[in-house]
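**Student:** Could you have a look at this structure, given as structure tokens, before my questions?
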Amino acid sequence: MAVYAVLCALFFAVRYSESYASRRFVVALPTAFIALAAMTAVRRGGMAIPAALAASAVGDLMGAMNLFFGQVGLFAVAHIFFAYDFSRRIRLTFGRMAVAAISAITVAAYLVFILRGIDSRPVSIEVAAYAFIIYCMLLSAVVQSRRRGAWYTAAAMLFVISDGLIAYGIGGGRLPYATVWIMTTYYAAQGIFARLFLLRDTPED
């Protein structure tokens, strides 16, 4: 994970340099690296998480090329892979259901707030559909019964926060140092997911 941290730091260094316009691809390097690292543990951990990380890396590239709809589509695919993996070990408890319910109310309220600032109907539909998919990912992370379940939940929430900040910008909001907040939470979420995957002994671990 040390290499991953270095690649994340490289992104921020390039992002705030004069050469960023010609080196936007660096945004995908951290996630591409952990996707390749996860591929080495497919026999132990299954294929879903590596596939999710790979889709995220390609989504990062789409974002670097300003292909918004392609980026959102690939991240939706990534979240579906994450949700599929997490949902293989579901165990409902009162505490988990309470967290899921509070998260649902929070996500729904925030989505209504964001949609009020979006004039484009196609963009509104895409944002709403994406919000539903990422909530399903969060829900599956919350109610699963894997070891280190709290870490999965924390990473999923970081992902929701990152995408929520992006949605805030789409809805017309202005956040100081938005890139720092968005990418820090995003890279943290992906790094935690990758680390948890590499610690598995079996796909159900």
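We label chains A, B, ... in the order they appear in the structure tokens, count residues from 1 in each chain, and number ligands from 1 in the order shown.
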Write out as JSON lines a residue-level contact list of region 135-191 of chain A versus region 72-77 of chain A with cut-off 12 Å: for each qualifying residue the closest pair of atoms and the distance in Å to one decimal, counting only C-alpha atoms, rows sorted by chain and residue number upward.
**Tutor:**
{"residue": "A:Tyr135", "atom": "CA", "partner": "A:Ala76", "partner_atom": "CA", "distance": 10.8}
{"residue": "A:Cys136", "atom": "CA", "partner": "A:Ala76", "partner_atom": "CA", "distance": 10.6}
{"residue": "A:Met137", "atom": "CA", "partner": "A:Ala76", "partner_atom": "CA", "distance": 9.7}
{"residue": "A:Phe159", "atom": "CA", "partner": "A:Phe75", "partner_atom": "CA", "distance": 10.8}
{"residue": "A:Val160", "atom": "CA", "partner": "A:Phe75", "partner_atom": "CA", "distance": 11.8}
{"residue": "A:Asp163", "atom": "CA", "partner": "A:Phe75", "partner_atom": "CA", "distance": 10.0}
{"residue": "A:Ile166", "atom": "CA", "partner": "A:Val72", "partner_atom": "CA", "distance": 10.9}
{"residue": "A:Ala167", "atom": "CA", "partner": "A:Val72", "partner_atom": "CA", "distance": 11.1}
{"residue": "A:Tyr186", "atom": "CA", "partner": "A:Phe75", "partner_atom": "CA", "distance": 11.6}
{"residue": "A:Gln190", "atom": "CA", "partner": "A:Phe75", "partner_atom": "CA", "distance": 11.9}
**Student:** Considering only alpha helix (DSSP H) as DSSP defines it on the backbone, what residues of chain A qualify? List them as a ChimeraX atom specification.
**Tutor:** /A:2-15,29-39,42-45,48-64,68-86,94-115,121-143,149-170,178-198
**Student:** Check the smallest atom-to-atom distance from each of A:Val107, A:Ala178, A:Val3, A:Leu196 to Gly149 (chain A) using only C-alpha atoms, then report the winner.
**Tutor:** A:Leu196
**Student:** Residues of region 105-195 of chain A that have any atom at most 10 Å from an atom of region 48-62 of chain A: could you tabulate them with the shortest-distance atom pair and the distance in Å to one decimal, using only C-alpha atoms, ordered by chain and increasing number, as a tab-separated table?
**Tutor:**
residue	atom	partner	partner_atom	distance
A:Gln190	CA	A:Leu53	CA	7.5
A:Gly191	CA	A:Leu53	CA	9.7
A:Phe193	CA	A:Ile49	CA	7.9
A:Ala194	CA	A:Ile49	CA	7.6
**Student:** Those same residues - C-alpha atoms - I'd like them written as a short mmCIF file (atom, residue, chain, number, x, y, z; two decimals), in the first residue's frame.
**Tutor:**
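Okay, this is what ended up in result-v7.cif:
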data_model
loop_
_atom_site.label_atom_id
_atom_site.label_comp_id
_atom_site.auth_asym_id
_atom_site.auth_seq_id
_atom_site.Cartn_x
_atom_site.Cartn_y
_atom_site.Cartn_z
CA GLN A 190 -10.55 2.52 -2.72
CA GLY A 191 -7.41 1.89 -0.70
CA PHE A 193 -11.41 -1.81 -0.07
CA ALA A 194 -8.24 -3.06 -1.76
#
**Student:** Calculate how many Å separate CA of Pro122 (chain A) from CA of Leu158 (chain A), rounding to one decimal.
**Tutor:**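 Going from CA of Pro122 (chain A) over to CA of Leu158 (chain A) covers 26.2 Å.
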**Student:** Restricting the calculation to only C-alpha atoms, which member of A:Val26, A:Ala83, A:Met157, A:Ala64 is positioned closest to Ala13 (chain A)?
**Tutor:**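 Between A:Val26, A:Ala83, A:Met157, A:Ala64, the residue approaching Ala13 (chain A) most closely is A:Val26.
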**Student:** If you measure from CA of Phe33 (chain A) to CA of Ile192 (chain A), what distance in Å do you get, rounded to one decimal?
**Tutor:**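 That distance, rounded to one decimal, is 13.6 Å.
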**Student:** To one decimal place in Å, what is the distance between CA of Arg89 (chain A) and CA of Ala131 (chain A)?
**Tutor:**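 Taking CA of Arg89 (chain A) and CA of Ala131 (chain A), their separation equals 22.8 Å.
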**Student:** Which residue, A:Ile118, A:Trp151, A:Val99, A:Phe82, has the smallest gap to Gly46 (chain A) when you use only C-alpha atoms?
**Tutor:**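 For Gly46 (chain A), the nearest of the given residues is A:Phe82.
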**Student:** So which residues touch Ile182 (chain A) within 9 Å, counting only C-alpha atoms, skipping near sequence neighbours fewer than 2 positions away, as a ChimeraX atom specification?
**Tutor:** /A:161-166,177-180,184-187
